[in-house]
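Quick look at structure.txt (compact mmCIF, C-alpha atoms):
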# COMPACT_ATOMS: atom_id res chain seq x y z
CA MET A 26 71.99 -122.03 -21.74
CA GLN A 27 75.77 -122.42 -21.67
CA LEU A 28 77.43 -119.04 -21.32
CA GLN A 29 80.58 -120.26 -23.08
CA ALA A 30 78.48 -121.12 -26.17
CA PHE A 31 76.48 -117.84 -26.18
CA LEU A 32 77.56 -115.75 -29.19
CA PRO A 33 77.70 -112.34 -27.46
CA TYR A 34 79.82 -113.82 -24.68
CA ARG A 35 82.18 -115.57 -27.10
CA LEU A 36 82.63 -112.39 -29.14
CA ALA A 37 83.23 -110.36 -25.98
CA VAL A 38 85.88 -112.81 -24.75
CA VAL A 39 87.68 -112.81 -28.11
CA THR A 40 87.43 -109.03 -28.35
CA GLU A 41 88.84 -108.57 -24.86
CA ALA A 42 91.73 -110.96 -25.48
CA ILE A 43 92.63 -109.26 -28.76
CA SER A 44 92.24 -105.81 -27.26
CA ARG A 45 94.53 -106.69 -24.34
CA SER A 46 97.15 -108.13 -26.68
CA MET A 47 97.04 -104.90 -28.70
CA ALA A 48 97.15 -102.74 -25.58
CA ALA A 49 100.43 -104.38 -24.60
CA VAL A 50 102.00 -102.71 -27.64
CA TYR A 51 101.11 -99.12 -26.80
CA HIS A 52 100.70 -99.27 -23.04
CA ARG A 53 104.14 -100.51 -22.02
CA ARG A 54 106.14 -98.31 -24.31
CA TYR A 55 103.93 -95.22 -24.61
CA GLU A 56 101.76 -95.39 -21.48
CA LEU A 57 98.54 -95.05 -23.48
CA SER A 58 95.29 -96.60 -22.33
CA ARG A 59 93.02 -98.42 -24.76
CA ASP A 60 90.63 -95.48 -24.70
CA GLU A 61 93.45 -93.03 -25.49
CA TRP A 62 94.72 -95.23 -28.32
CA ARG A 63 91.26 -95.55 -29.83
CA LEU A 64 90.76 -91.81 -29.75
CA LEU A 65 94.15 -91.08 -31.31
CA ALA A 66 93.45 -93.59 -34.08
CA ALA A 67 89.95 -92.19 -34.67
CA LEU A 68 91.21 -88.62 -34.78
CA ALA A 69 93.93 -89.52 -37.26
CA GLY A 70 91.35 -90.10 -39.96
CA SER A 71 88.85 -87.46 -38.92
CA GLY A 72 90.57 -84.09 -38.72
CA ARG A 73 88.61 -81.77 -36.45
CA ILE A 74 85.50 -83.39 -35.00
CA GLN A 75 83.18 -83.02 -32.06
CA ALA A 76 84.22 -84.90 -28.96
CA ALA A 77 80.85 -86.69 -28.95
CA GLU A 78 81.46 -87.92 -32.48
CA ALA A 79 84.93 -89.16 -31.48
CA ALA A 80 83.32 -91.07 -28.62
CA GLN A 81 80.85 -92.70 -31.02
CA LEU A 82 83.61 -93.66 -33.47
CA THR A 83 85.47 -95.46 -30.70
CA THR A 84 82.43 -96.97 -28.95
CA LEU A 85 83.39 -95.13 -25.77
CA ASP A 86 80.79 -93.49 -23.58
CA LYS A 87 81.01 -89.73 -23.15
CA MET A 88 82.71 -89.94 -19.76
CA GLN A 89 85.37 -92.41 -20.94
CA ALA A 90 86.07 -90.27 -23.98
CA SER A 91 86.19 -87.07 -21.96
CA ARG A 92 88.71 -88.51 -19.48
CA ALA A 93 90.88 -89.92 -22.25
CA LEU A 94 90.77 -86.67 -24.24
CA ARG A 95 91.75 -84.66 -21.15
CA SER A 96 94.71 -86.99 -20.62
CA LEU A 97 95.76 -86.72 -24.27
CA GLN A 98 95.43 -82.94 -24.10
CA SER A 99 97.57 -82.76 -20.95
CA ARG A 100 100.27 -84.70 -22.85
CA GLY A 101 100.13 -82.27 -25.77
CA LEU A 102 98.77 -84.88 -28.19
CA VAL A 103 95.34 -83.39 -28.92
CA ASP A 104 93.68 -80.01 -28.83
CA ARG A 105 90.24 -79.60 -27.26
CA ARG A 106 88.32 -76.39 -27.75
CA THR A 107 84.79 -75.22 -27.27
CA ASP A 108 83.04 -74.96 -30.62
CA GLU A 109 82.75 -71.23 -31.37
CA ASN A 110 79.55 -71.83 -33.37
CA ASP A 111 77.87 -73.94 -30.69
CA ARG A 112 79.34 -73.63 -27.21
CA ARG A 113 77.61 -76.85 -26.13
CA HIS A 114 80.13 -78.84 -28.17
CA VAL A 115 83.85 -79.49 -27.84
CA ILE A 116 85.97 -79.80 -30.98
CA VAL A 117 89.02 -82.06 -30.86
CA GLN A 118 91.90 -82.62 -33.23
CA LEU A 119 95.31 -84.25 -33.25
CA LEU A 120 98.33 -82.06 -32.67
CA PRO A 121 101.65 -82.72 -34.42
CA ALA A 122 102.93 -84.63 -31.38
CA GLY A 123 99.87 -86.89 -31.57
CA ARG A 124 100.47 -87.57 -35.25
CA ALA A 125 104.12 -88.33 -34.56
CA LEU A 126 103.18 -90.75 -31.80
CA LEU A 127 100.72 -92.51 -34.12
CA ARG A 128 103.42 -92.86 -36.78
CA GLN A 129 105.53 -94.71 -34.20
CA ILE A 130 102.75 -96.93 -32.86
CA THR A 131 100.87 -97.82 -36.04
CA PRO A 132 103.47 -100.19 -37.54
CA MET A 133 103.67 -102.10 -34.26
CA VAL A 134 99.90 -102.40 -33.94
CA LEU A 135 99.56 -103.49 -37.56
CA ALA A 136 102.28 -106.10 -37.04
CA ARG A 137 100.38 -107.43 -34.01
CA GLU A 138 97.17 -107.54 -36.06
CA ALA A 139 98.98 -109.39 -38.87
CA TYR A 140 100.33 -111.90 -36.37
CA LEU A 141 96.84 -112.57 -35.03
CA LEU A 142 95.39 -112.92 -38.52
CA GLU A 143 98.14 -115.39 -39.51
CA ALA A 144 96.14 -117.93 -37.51
CA LEU A 145 93.64 -117.87 -40.39
CA ASP A 146 94.20 -118.76 -44.01
CA ASP A 147 92.96 -116.44 -46.77
CA GLU A 148 89.61 -118.19 -47.09
CA GLU A 149 89.03 -118.10 -43.33
CA ARG A 150 89.82 -114.38 -43.24
CA ALA A 151 87.34 -113.73 -46.04
CA VAL A 152 84.69 -115.78 -44.24
CA LEU A 153 85.40 -113.93 -40.99
CA ASP A 154 85.08 -110.55 -42.71
CA ARG A 155 81.79 -111.53 -44.34
CA ALA A 156 80.43 -113.04 -41.13
CA LEU A 157 81.31 -109.99 -39.06
CA ALA A 158 79.71 -107.69 -41.65
CA LYS A 159 76.52 -109.75 -41.64
CA LEU A 160 76.36 -109.87 -37.86
CA MET A 161 76.91 -106.10 -37.66
CA GLN A 162 74.18 -105.47 -40.21
CA ARG A 163 71.75 -107.71 -38.33
CA ALA A 164 72.61 -106.15 -34.95
CA ARG A 165 72.11 -102.63 -36.32
CA SER A 166 68.79 -103.69 -37.80
CA LEU A 167 67.67 -104.90 -34.38
CA GLN A 168 68.86 -101.66 -32.77
CA GLN A 169 66.76 -99.63 -35.21
CA GLN A 170 63.71 -101.74 -34.45
CA GLY A 171 64.09 -100.96 -30.79
What does the file become when written as structure tokens?
Amino acid sequence: MQLQAFLPYRLAVVTEAISRSMAAVYHRRYELSRDEWRLLAALAGSGRIQAAEAAQLTTLDKMQASRALRSLQSRGLVDRRTDENDRRHVIVQLLPAGRALLRQITPMVLAREAYLLEALDDEERAVLDRALAKLMQRARSLQQQG
């Protein structure tokens, strides 16, 4: 087997390269880590959610999410509170400063995404979207099977 031809490896390499190019946008200027950025973006569309759910939305493990949320809280960007109905859970939500920061970063991140996607024509983008959806569906099916 050639590692460079192995689909999971190829996807991981592309994902890492894209993720690093995106991180350059928010890390240099705003000193956010990838984990922090992902959590801010996830919280923007979620309102108040459990920290564990935020971790799942961002594909972070619980420890990564917890560290990133503590950092964001210390910067006044998110609020973390113990769930009054179930003290085993932590509820997180964006604070106004977090929303303001996202309003600054989002156009830059979307511009970077647009630049990357310019490498593909419309048909290639459509094929990529369909292919990724099919691969995700198949991978989830395998996960459910065990």
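The interatomic distance for the pair CA of Ala37 in chain A and CA of Gln169 in chain A works out to 21.7 Å.
Proximity ranking of A:Val152, A:Ile130, A:Ala139, A:Leu68 relative to Arg105 in chain A places A:Leu68 first, based on all atoms listed in the file.
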For the interface of range 39-81 of chain A with range 117-123 of chain A (cut-off 6 Å, counting all atoms listed in the file), please tabulate each contacting residue of range 39-81 of chain A alongside its nearest pair of atoms and their separation in Å to one decimal, rows sorted by chain and increasing number, as CSV.
residue,atom,partner,partner_atom,distance
A:Gly72,CA,A:Gln118,CA,5.8
A:Arg73,CA,A:Gln118,CA,4.7
A:Ile74,CA,A:Val117,CA,5.6
A:Ala76,CA,A:Val117,CA,5.9
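Relative to CA of Ala42 in chain A, CA of Arg165 in chain A is found at 23.9 Å.
Between CA of Glu61 in chain A and CA of Val115 in chain A the interatomic distance comes to 16.8 Å.
The shortest atom-to-atom distance to Arg92 in chain A, with only C-alpha atoms taken into account, belongs to A:Ser58 out of A:Ser58, A:Ala69, A:His114, A:Gly171.
Comparing the minimum interatomic distances between Leu102 in chain A and each of A:Ala158, A:Leu85, A:Leu28, A:Ala66, counting all atoms listed in the file, we find that A:Ala66 sits nearest.
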So that I can check the surroundings of Ser96 in chain A, please list as a ChimeraX atom specification every protein, DNA and RNA residue that reaches within 12 Å of it, counting only C-alpha atoms and ignoring chain neighbours fewer than 5 positions away.
/A:56-58,60-62,64-65,89-91,101-105
Write the residues of the preceding selection, restricted to C-alpha atoms, as a short mmCIF file (atom, residue, chain, number, x, y, z; two decimals), keeping the file's coordinate frame.
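Writing the result to selection.cif gives the following:
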data_model
loop_
_atom_site.label_atom_id
_atom_site.label_comp_id
_atom_site.auth_asym_id
_atom_site.auth_seq_id
_atom_site.Cartn_x
_atom_site.Cartn_y
_atom_site.Cartn_z
CA GLU A 56 101.76 -95.39 -21.48
CA LEU A 57 98.54 -95.05 -23.48
CA SER A 58 95.29 -96.60 -22.33
CA ASP A 60 90.63 -95.48 -24.70
CA GLU A 61 93.45 -93.03 -25.49
CA TRP A 62 94.72 -95.23 -28.32
CA LEU A 64 90.76 -91.81 -29.75
CA LEU A 65 94.15 -91.08 -31.31
CA GLN A 89 85.37 -92.41 -20.94
CA ALA A 90 86.07 -90.27 -23.98
CA SER A 91 86.19 -87.07 -21.96
CA GLY A 101 100.13 -82.27 -25.77
CA LEU A 102 98.77 -84.88 -28.19
CA VAL A 103 95.34 -83.39 -28.92
CA ASP A 104 93.68 -80.01 -28.83
CA ARG A 105 90.24 -79.60 -27.26
#
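Closest approach to Ala49 in chain A among A:Asp147, A:Gln168, A:Val134, A:Arg124 is made by A:Val134 (distances from only C-alpha atoms).
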Emit as lines of an AutoDock Vina configuration file the padded axis-aligned box for all listed atoms of range 65-76 of chain A, 6 Å per side, with centre and edge lengths in Å to one decimal.
center_x = 88.7
center_y = -87.7
center_z = -34.5
size_x = 23.0
size_y = 23.8
size_z = 23.0
